[in-house]
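Colleague: Shown below is the structure under consideration.
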Amino acid sequence: MNLSDFNLRIEAISLDIADKKGISLLIARADQVHPLASGNKLYKLFPNIEYAKKNNYQQLLSFGGAFSNHIHALALYSQSIGLQSVAIIRGEKEYASNPTLSAAVKAGMVLQFVDRATYRRRYDKNYLKLLQRQYPHALIIPEGGSSELALQGCTELMRQINHHCVEQQGVMPDVVTVACGTGMTFSGIVIGAESHQNMLGYLVLKDYSIYEKVDSLLSKYRHNRNYIMQAADFGGYAKLDADLLNFILNFLKQTDILLDPIYTSKMCRCVMQQIEAREFVAGSKVLMVHSGGLQAWYGMKDRVIRLAGEEVWKKITVYL
Ligand SMILES: *Cc1c(COP(=O)(O)O)cnc(C)c1O
């Protein structure tokens, strides 16, 4: 199995804001490539797993919050290929019953809950050594799956986007937009892009050190220079308010595509604002990457019902 075997669908979508301003919108459905592991997390995981297999690791260990898309993908995909998975989770063991982690446990993942102070040590060499001693057969993968190996998978994702765009839509995108957490996916996408393409990254959390991290990571590689990152946190990480939910529901109504509540919805919302403000040249072909993350909706159930009612929640679950 190779990343290029995944059937990455590129869809042309029509949204009134973009139509009015003469922008063609495309969306890369990385959320749909695999039934178990979602979106960019699969592309990031793949090279790590290849490496683990080649080097006879029997387990994969990583870090995440209680609703992490990465932990979910790691658990389910590892199980499907017969590798054991372990996760260091920030928070209390009561979280084990939430939808993300109960799916992970069902897939055989071992969970270790740690307090915030311990979790903060997730990049600390001594802490990692300790964990390695505790799990001697585990390949330790950083939070979000963001090892440098993951970069290769995301570079391949961009190559696949261009390839499938030409094949399915007969065009190449002028602009590619990506939601950023650690910025690893975006970095890979910048490396994999053609020199005439403009790459835009949308940071959904308030950690401005990410800008420098991406610059310094990219400085080690040959890459497309036309990239910009900008803030798109709309109040902070994982904050879903009525405005964002309305945006998501309106997007769903017009395109029949459900965005995730944490990453792609904020990126798309920011892109629409930029289109409204005429920041893109008329005639541009703008491709948005749907990087997945739909399982995170289960963690938003109560909030959705509180904000919009049971009926809306039911409508969302149809797409999960
Ligand atoms: C994790 C995630 C991202 C961000 O990926 P990074 O490589 O950490 O920047 C974007 N979209 C979705 C849906 C994600 O789950």
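Identifiers for the structure tokens are assigned positionally: chains receive A, B, ... in sequence, residues are indexed from 1 per chain, and ligands are indexed from 1 in the order shown.
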Could you name the residues that touch stretch 221-238 of chain A at 6 Å or less, counting only C-alpha atoms, but leaving out those on the same chain fewer than 5 positions away, as a ChimeraX atom specification?

Modeller: /A:190-191,195,198-205,262

Colleague: Could you write those residues out with C-alpha atoms, as a compact mmCIF listing (two decimals), in the first residue's frame?

Modeller:
```
# COMPACT_ATOMS: atom_id res chain seq x y z
CA VAL A 190 4.67 23.90 0.47
CA ILE A 191 7.52 21.51 -0.40
CA SER A 195 6.66 27.06 -8.16
CA ASN A 198 0.53 30.27 -3.89
CA MET A 199 0.25 28.44 -0.61
CA LEU A 200 -1.78 29.81 2.29
CA GLY A 201 -1.73 28.36 5.81
CA TYR A 202 -4.40 29.22 8.40
CA LEU A 203 -3.36 28.85 12.02
CA VAL A 204 -6.31 27.72 14.15
CA LEU A 205 -4.57 28.11 17.51
CA ILE A 262 -11.78 22.76 14.64
```

Colleague: Just want the 8 Å neighbourhood of A:Asn48, counted on only C-alpha atoms, with same-chain residues fewer than 3 positions away dropped. Output as a compact mmCIF listing (two decimals) with C-alpha atoms, in the first residue's frame.

Modeller:
```txt
# COMPACT_ATOMS: atom_id res chain seq x y z
CA LYS A 44 1.43 11.97 8.26
CA LEU A 45 1.18 8.52 9.80
CA TYR A 51 9.72 3.35 9.20
CA ALA A 52 8.39 1.39 12.18
CA ILE A 141 5.91 9.81 17.34
CA SER A 147 7.72 14.01 12.97
CA LEU A 149 8.99 11.70 8.48
CA ALA A 150 5.43 13.03 8.38
```

Colleague: So that I can see what lies close to stretch 22-24 of chain A, please list as a ChimeraX atom specification the residues with an atom at most 9 Å from it, counting only C-alpha atoms and leaving out residues fewer than 6 positions away in the same chain.

Modeller: /A:12-14,275,280-287

Colleague: Just N, CA, C and O atoms for this one: save the residues we selected as a PDB file, in the first residue's frame.

Modeller:
```pdb
ATOM      1  N   ALA A  12     -15.186  20.279  -7.606  1.00  0.00           N
ATOM      2  CA  ALA A  12     -15.439  21.698  -7.857  1.00  0.00           C
ATOM      3  C   ALA A  12     -16.694  22.047  -7.073  1.00  0.00           C
ATOM      4  O   ALA A  12     -17.685  21.326  -7.150  1.00  0.00           O
ATOM      5  N   ILE A  13     -16.642  23.107  -6.287  1.00  0.00           N
ATOM      6  CA  ILE A  13     -17.823  23.477  -5.509  1.00  0.00           C
ATOM      7  C   ILE A  13     -18.261  24.895  -5.862  1.00  0.00           C
ATOM      8  O   ILE A  13     -17.466  25.704  -6.341  1.00  0.00           O
ATOM      9  N   SER A  14     -19.538  25.138  -5.603  1.00  0.00           N
ATOM     10  CA  SER A  14     -20.082  26.443  -5.918  1.00  0.00           C
ATOM     11  C   SER A  14     -20.614  27.077  -4.634  1.00  0.00           C
ATOM     12  O   SER A  14     -21.425  26.492  -3.934  1.00  0.00           O
ATOM     13  N   ILE A 275     -12.036  36.270   0.086  1.00  0.00           N
ATOM     14  CA  ILE A 275     -12.657  36.380  -1.239  1.00  0.00           C
ATOM     15  C   ILE A 275     -13.579  37.607  -1.253  1.00  0.00           C
ATOM     16  O   ILE A 275     -13.542  38.420  -2.175  1.00  0.00           O
ATOM     17  N   PHE A 280      -8.153  37.793  -3.566  1.00  0.00           N
ATOM     18  CA  PHE A 280      -7.715  36.921  -4.650  1.00  0.00           C
ATOM     19  C   PHE A 280      -8.088  37.558  -5.986  1.00  0.00           C
ATOM     20  O   PHE A 280      -9.160  38.148  -6.115  1.00  0.00           O
ATOM     21  N   VAL A 281      -7.207  37.425  -6.954  1.00  0.00           N
ATOM     22  CA  VAL A 281      -7.467  37.962  -8.285  1.00  0.00           C
ATOM     23  C   VAL A 281      -8.650  37.212  -8.908  1.00  0.00           C
ATOM     24  O   VAL A 281      -8.714  35.982  -8.813  1.00  0.00           O
ATOM     25  N   ALA A 282      -9.572  37.967  -9.521  1.00  0.00           N
ATOM     26  CA  ALA A 282     -10.712  37.314 -10.183  1.00  0.00           C
ATOM     27  C   ALA A 282     -10.186  36.297 -11.198  1.00  0.00           C
ATOM     28  O   ALA A 282      -9.187  36.536 -11.868  1.00  0.00           O
ATOM     29  N   GLY A 283     -10.848  35.153 -11.276  1.00  0.00           N
ATOM     30  CA  GLY A 283     -10.409  34.096 -12.176  1.00  0.00           C
ATOM     31  C   GLY A 283      -9.494  33.074 -11.506  1.00  0.00           C
ATOM     32  O   GLY A 283      -9.184  32.035 -12.088  1.00  0.00           O
ATOM     33  N   SER A 284      -9.080  33.360 -10.270  1.00  0.00           N
ATOM     34  CA  SER A 284      -8.187  32.411  -9.571  1.00  0.00           C
ATOM     35  C   SER A 284      -8.895  31.097  -9.295  1.00  0.00           C
ATOM     36  O   SER A 284     -10.095  31.068  -9.008  1.00  0.00           O
ATOM     37  N   LYS A 285      -8.115  30.034  -9.369  1.00  0.00           N
ATOM     38  CA  LYS A 285      -8.612  28.718  -8.970  1.00  0.00           C
ATOM     39  C   LYS A 285      -8.043  28.424  -7.581  1.00  0.00           C
ATOM     40  O   LYS A 285      -6.843  28.216  -7.425  1.00  0.00           O
ATOM     41  N   VAL A 286      -8.915  28.444  -6.602  1.00  0.00           N
ATOM     42  CA  VAL A 286      -8.496  28.289  -5.209  1.00  0.00           C
ATOM     43  C   VAL A 286      -8.888  26.896  -4.732  1.00  0.00           C
ATOM     44  O   VAL A 286     -10.072  26.532  -4.771  1.00  0.00           O
ATOM     45  N   LEU A 287      -7.887  26.120  -4.329  1.00  0.00           N
ATOM     46  CA  LEU A 287      -8.173  24.780  -3.830  1.00  0.00           C
ATOM     47  C   LEU A 287      -8.021  24.740  -2.307  1.00  0.00           C
ATOM     48  O   LEU A 287      -6.968  25.098  -1.777  1.00  0.00           O
TER      49      LEU A 287
END
```

Colleague: Quick one: pick out all strand (DSSP E) residues within stretch 42-209 of chain A from a backbone DSSP run and write them as an MDAnalysis selection string.

Modeller: chainID A and resid 59:64 84:90 110:114 138:140 175:180 198:203

Colleague: What residues have any atom no more than 7 Å from ligand 1 when counting only C-alpha atoms and all ligand atoms, and can you list them as a PyMOL selection string?

Modeller: chain A and resi 39-41+69-70+144+146+179-186+260+263-264+291-293

Colleague: When you look at A:Ala30 with a cut-off of 12 Å (counting only C-alpha atoms), what residues show up, excluding the ones that are within fewer than 2 positions of it in the same chain? I need them as a PyMOL selection string.

Modeller: chain A and resi 3+6-11+27-28+32-35+37-44+154+157-158+160-161+164+178+259+264+288-294

Colleague: Can you write out the residues you just picked, keeping N, CA and C atoms, as an mmCIF file, in the first residue's frame?

Modeller:
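Output (again-v2.cif):
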```cif
data_model
loop_
_atom_site.group_PDB
_atom_site.id
_atom_site.type_symbol
_atom_site.label_atom_id
_atom_site.label_comp_id
_atom_site.auth_asym_id
_atom_site.auth_seq_id
_atom_site.Cartn_x
_atom_site.Cartn_y
_atom_site.Cartn_z
ATOM 1 N N LEU A 3 0.799 5.749 -0.492
ATOM 2 C CA LEU A 3 -0.099 6.913 -0.403
ATOM 3 C C LEU A 3 -0.719 7.240 -1.752
ATOM 4 N N PHE A 6 -4.242 5.905 -2.691
ATOM 5 C CA PHE A 6 -5.502 6.462 -2.185
ATOM 6 C C PHE A 6 -6.206 7.245 -3.269
ATOM 7 N N ASN A 7 -7.505 7.079 -3.282
ATOM 8 C CA ASN A 7 -8.289 7.771 -4.291
ATOM 9 C C ASN A 7 -8.705 9.142 -3.755
ATOM 10 N N LEU A 8 -7.889 10.132 -4.038
ATOM 11 C CA LEU A 8 -8.151 11.488 -3.534
ATOM 12 C C LEU A 8 -9.069 12.218 -4.505
ATOM 13 N N ARG A 9 -10.282 12.472 -4.041
ATOM 14 C CA ARG A 9 -11.258 13.131 -4.904
ATOM 15 C C ARG A 9 -11.084 14.645 -4.867
ATOM 16 N N ILE A 10 -11.108 15.262 -6.043
ATOM 17 C CA ILE A 10 -11.079 16.726 -6.112
ATOM 18 C C ILE A 10 -12.437 17.165 -6.633
ATOM 19 N N GLU A 11 -13.142 17.971 -5.856
ATOM 20 C CA GLU A 11 -14.474 18.400 -6.272
ATOM 21 C C GLU A 11 -14.478 19.900 -6.550
ATOM 22 N N ILE A 27 -12.110 21.614 -3.868
ATOM 23 C CA ILE A 27 -11.813 21.092 -2.530
ATOM 24 C C ILE A 27 -11.229 19.685 -2.673
ATOM 25 N N ALA A 28 -10.124 19.447 -1.989
ATOM 26 C CA ALA A 28 -9.478 18.129 -2.022
ATOM 27 C C ALA A 28 -10.013 17.325 -0.852
ATOM 28 N N GLN A 32 -11.944 11.909 2.928
ATOM 29 C CA GLN A 32 -12.672 10.740 2.423
ATOM 30 C C GLN A 32 -11.778 9.598 1.928
ATOM 31 N N VAL A 33 -10.468 9.723 2.079
ATOM 32 C CA VAL A 33 -9.606 8.713 1.450
ATOM 33 C C VAL A 33 -9.596 7.361 2.162
ATOM 34 N N HIS A 34 -9.923 7.351 3.440
ATOM 35 C CA HIS A 34 -9.830 6.085 4.173
ATOM 36 C C HIS A 34 -10.947 6.005 5.217
ATOM 37 N N PRO A 35 -11.586 4.848 5.350
ATOM 38 C CA PRO A 35 -12.703 4.753 6.306
ATOM 39 C C PRO A 35 -12.263 4.810 7.770
ATOM 40 N N ALA A 37 -8.862 6.065 9.158
ATOM 41 C CA ALA A 37 -8.002 7.171 9.592
ATOM 42 C C ALA A 37 -8.283 8.369 8.710
ATOM 43 N N SER A 38 -8.430 9.510 9.372
ATOM 44 C CA SER A 38 -8.975 10.644 8.649
ATOM 45 C C SER A 38 -7.920 11.601 8.114
ATOM 46 N N GLY A 39 -8.055 11.981 6.877
ATOM 47 C CA GLY A 39 -7.411 13.158 6.300
ATOM 48 C C GLY A 39 -5.910 13.225 6.412
ATOM 49 N N ASN A 40 -5.440 14.405 6.814
ATOM 50 C CA ASN A 40 -3.997 14.615 6.824
ATOM 51 C C ASN A 40 -3.292 13.688 7.806
ATOM 52 N N LYS A 41 -3.999 13.226 8.834
ATOM 53 C CA LYS A 41 -3.339 12.377 9.825
ATOM 54 C C LYS A 41 -2.873 11.053 9.212
ATOM 55 N N LEU A 42 -3.598 10.591 8.226
ATOM 56 C CA LEU A 42 -3.193 9.363 7.551
ATOM 57 C C LEU A 42 -1.910 9.609 6.732
ATOM 58 N N TYR A 43 -1.870 10.725 6.018
ATOM 59 C CA TYR A 43 -0.678 11.046 5.231
ATOM 60 C C TYR A 43 0.545 11.228 6.125
ATOM 61 N N LYS A 44 0.316 11.761 7.322
ATOM 62 C CA LYS A 44 1.425 11.968 8.260
ATOM 63 C C LYS A 44 1.874 10.644 8.881
ATOM 64 N N CYS A 154 3.090 14.484 3.669
ATOM 65 C CA CYS A 154 2.345 15.694 3.302
ATOM 66 C C CYS A 154 2.842 16.269 1.984
ATOM 67 N N LEU A 157 1.058 14.287 -0.400
ATOM 68 C CA LEU A 157 -0.339 14.754 -0.480
ATOM 69 C C LEU A 157 -0.455 15.885 -1.498
ATOM 70 N N MET A 158 0.471 16.833 -1.466
ATOM 71 C CA MET A 158 0.406 17.955 -2.422
ATOM 72 C C MET A 158 0.615 17.469 -3.855
ATOM 73 N N GLN A 160 -0.152 14.575 -4.978
ATOM 74 C CA GLN A 160 -1.396 13.886 -5.339
ATOM 75 C C GLN A 160 -2.509 14.886 -5.660
ATOM 76 N N ILE A 161 -2.541 15.974 -4.913
ATOM 77 C CA ILE A 161 -3.561 17.004 -5.172
ATOM 78 C C ILE A 161 -3.395 17.519 -6.598
ATOM 79 N N HIS A 164 -4.297 14.723 -9.188
ATOM 80 C CA HIS A 164 -5.730 14.433 -9.286
ATOM 81 C C HIS A 164 -6.523 15.627 -9.789
ATOM 82 N N VAL A 178 -4.677 25.598 3.454
ATOM 83 C CA VAL A 178 -4.546 24.486 4.396
ATOM 84 C C VAL A 178 -4.696 24.987 5.832
ATOM 85 N N LEU A 259 -17.618 20.271 6.966
ATOM 86 C CA LEU A 259 -16.280 20.624 7.438
ATOM 87 C C LEU A 259 -16.142 20.168 8.885
ATOM 88 N N THR A 264 -10.788 22.745 9.456
ATOM 89 C CA THR A 264 -11.140 23.154 8.082
ATOM 90 C C THR A 264 -12.222 24.233 8.051
ATOM 91 N N MET A 288 -9.083 24.339 -1.628
ATOM 92 C CA MET A 288 -9.038 24.187 -0.172
ATOM 93 C C MET A 288 -8.823 22.703 0.151
ATOM 94 N N VAL A 289 -7.945 22.441 1.090
ATOM 95 C CA VAL A 289 -7.705 21.047 1.471
ATOM 96 C C VAL A 289 -8.648 20.693 2.624
ATOM 97 N N HIS A 290 -9.524 19.729 2.388
ATOM 98 C CA HIS A 290 -10.341 19.216 3.500
ATOM 99 C C HIS A 290 -9.505 18.151 4.188
ATOM 100 N N SER A 291 -8.872 18.563 5.295
ATOM 101 C CA SER A 291 -7.893 17.680 5.942
ATOM 102 C C SER A 291 -8.533 16.699 6.924
ATOM 103 N N GLY A 292 -9.871 16.606 6.923
ATOM 104 C CA GLY A 292 -10.522 15.558 7.727
ATOM 105 C C GLY A 292 -10.977 16.056 9.086
ATOM 106 N N GLY A 293 -10.802 15.207 10.099
ATOM 107 C CA GLY A 293 -11.117 15.621 11.469
ATOM 108 C C GLY A 293 -12.581 15.546 11.848
ATOM 109 N N LEU A 294 -13.371 14.832 11.053
ATOM 110 C CA LEU A 294 -14.814 14.810 11.325
ATOM 111 C C LEU A 294 -15.167 14.125 12.645
#
```

Colleague: Looking only at the backbone, which of the residues in stretch 115-175 of chain A does DSSP tag as helix (DSSP H, G or I), as an NGL selection string?

Modeller: :A and (116-119 or 125-134 or 143-145 or 148-169)

Colleague: Which distance in Å separates atom CA of A:Ala103 and atom CA of A:Leu36, to one decimal?

Modeller: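 Atom CA of A:Leu36 lies at a distance of 10.7 Å from atom CA of A:Ala103.
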
Colleague: Show which residues sit within 12 Å of A:Gly299, as a compact mmCIF listing (two decimals) with N, CA, C and O atoms, in the first residue's frame. Count only C-alpha atoms, and ignore same-chain residues fewer than 3 positions away.

Modeller:
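Okay, this is what ended up in selection-v3.txt:
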```txt
# COMPACT_ATOMS: atom_id res chain seq x y z
N GLY A 65 -4.40 15.34 23.01
CA GLY A 65 -5.50 15.73 23.89
C GLY A 65 -6.60 14.68 23.80
O GLY A 65 -6.52 13.74 23.01
N ALA A 66 -7.63 14.87 24.61
CA ALA A 66 -8.66 13.84 24.76
C ALA A 66 -9.57 13.69 23.53
O ALA A 66 -10.29 12.71 23.42
N PHE A 67 -9.51 14.66 22.61
CA PHE A 67 -10.35 14.56 21.40
C PHE A 67 -9.51 14.55 20.13
O PHE A 67 -9.99 14.86 19.05
N SER A 68 -8.25 14.20 20.27
CA SER A 68 -7.28 14.33 19.19
C SER A 68 -7.61 13.49 17.96
O SER A 68 -7.83 12.27 18.04
N ASN A 69 -7.61 14.15 16.81
CA ASN A 69 -7.80 13.43 15.54
C ASN A 69 -6.64 12.48 15.28
O ASN A 69 -6.81 11.39 14.73
N TYR A 95 -11.70 10.81 30.95
CA TYR A 95 -11.85 11.08 29.51
C TYR A 95 -11.91 9.80 28.68
O TYR A 95 -12.32 9.82 27.53
N SER A 97 -13.83 7.57 28.52
CA SER A 97 -15.15 7.17 28.03
C SER A 97 -15.67 8.11 26.95
O SER A 97 -16.77 7.91 26.44
N ASN A 98 -14.91 9.15 26.58
CA ASN A 98 -15.41 10.03 25.52
C ASN A 98 -15.36 9.31 24.17
O ASN A 98 -14.71 8.26 24.04
N PRO A 99 -16.07 9.81 23.16
CA PRO A 99 -16.18 9.06 21.90
C PRO A 99 -14.83 8.80 21.21
O PRO A 99 -14.60 7.70 20.70
N THR A 100 -13.94 9.79 21.23
CA THR A 100 -12.63 9.61 20.58
C THR A 100 -11.83 8.50 21.25
O THR A 100 -11.34 7.57 20.60
N LEU A 101 -11.72 8.60 22.59
CA LEU A 101 -10.86 7.66 23.29
C LEU A 101 -11.51 6.29 23.45
O LEU A 101 -10.81 5.27 23.46
N SER A 102 -12.83 6.24 23.53
CA SER A 102 -13.40 4.89 23.63
C SER A 102 -13.25 4.15 22.30
O SER A 102 -13.02 2.94 22.29
N ALA A 238 -10.40 25.11 19.17
CA ALA A 238 -11.59 24.29 19.48
C ALA A 238 -12.76 25.08 20.05
O ALA A 238 -13.61 24.53 20.73
N LYS A 239 -12.77 26.39 19.78
CA LYS A 239 -13.92 27.20 20.20
C LYS A 239 -14.96 27.19 19.07
O LYS A 239 -14.74 27.75 18.01
N LEU A 240 -16.06 26.53 19.33
CA LEU A 240 -17.14 26.52 18.34
C LEU A 240 -18.26 27.41 18.87
O LEU A 240 -18.88 27.09 19.87
N ASP A 260 -14.91 20.07 9.37
CA ASP A 260 -14.75 19.71 10.78
C ASP A 260 -14.84 20.99 11.62
O ASP A 260 -14.64 22.09 11.11
N PRO A 261 -15.16 20.86 12.92
CA PRO A 261 -15.42 22.07 13.72
C PRO A 261 -14.17 22.79 14.21
O PRO A 261 -14.28 23.88 14.75
N ILE A 262 -12.98 22.20 14.01
CA ILE A 262 -11.78 22.76 14.64
C ILE A 262 -10.80 23.35 13.62
O ILE A 262 -10.22 24.41 13.83
N GLY A 293 -10.80 15.21 10.10
CA GLY A 293 -11.12 15.62 11.47
C GLY A 293 -12.58 15.55 11.85
O GLY A 293 -12.99 16.10 12.87
N LEU A 294 -13.37 14.83 11.05
CA LEU A 294 -14.81 14.81 11.33
C LEU A 294 -15.17 14.13 12.65
O LEU A 294 -16.18 14.45 13.26
N GLN A 295 -14.32 13.19 13.10
CA GLN A 295 -14.63 12.52 14.37
C GLN A 295 -14.71 13.51 15.54
O GLN A 295 -15.39 13.23 16.53
N ALA A 296 -14.08 14.66 15.40
CA ALA A 296 -14.10 15.65 16.49
C ALA A 296 -15.52 16.18 16.74
O ALA A 296 -15.80 16.71 17.82
N ASP A 302 -22.88 18.12 22.65
CA ASP A 302 -23.67 18.93 23.59
C ASP A 302 -23.71 20.39 23.15
O ASP A 302 -24.74 21.05 23.23
N ARG A 303 -22.57 20.88 22.68
CA ARG A 303 -22.51 22.28 22.29
C ARG A 303 -23.39 22.55 21.08
O ARG A 303 -24.09 23.56 21.01
N VAL A 304 -23.37 21.63 20.12
CA VAL A 304 -24.20 21.80 18.92
C VAL A 304 -25.68 21.83 19.32
O VAL A 304 -26.44 22.69 18.87
N ILE A 305 -26.06 20.91 20.19
CA ILE A 305 -27.47 20.85 20.60
C ILE A 305 -27.86 22.12 21.36
O ILE A 305 -28.91 22.69 21.13
N TRP A 313 -28.09 18.63 15.09
CA TRP A 313 -27.13 17.58 15.44
C TRP A 313 -27.37 16.33 14.59
O TRP A 313 -26.44 15.71 14.07
```

Colleague: Could you state the separation of atom CA of A:Ala308 and atom CA of A:Ala242 in Å, given to one decimal place?

Modeller: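 One can read the atom CA of A:Ala308 to atom CA of A:Ala242 distance as 7.9 Å.
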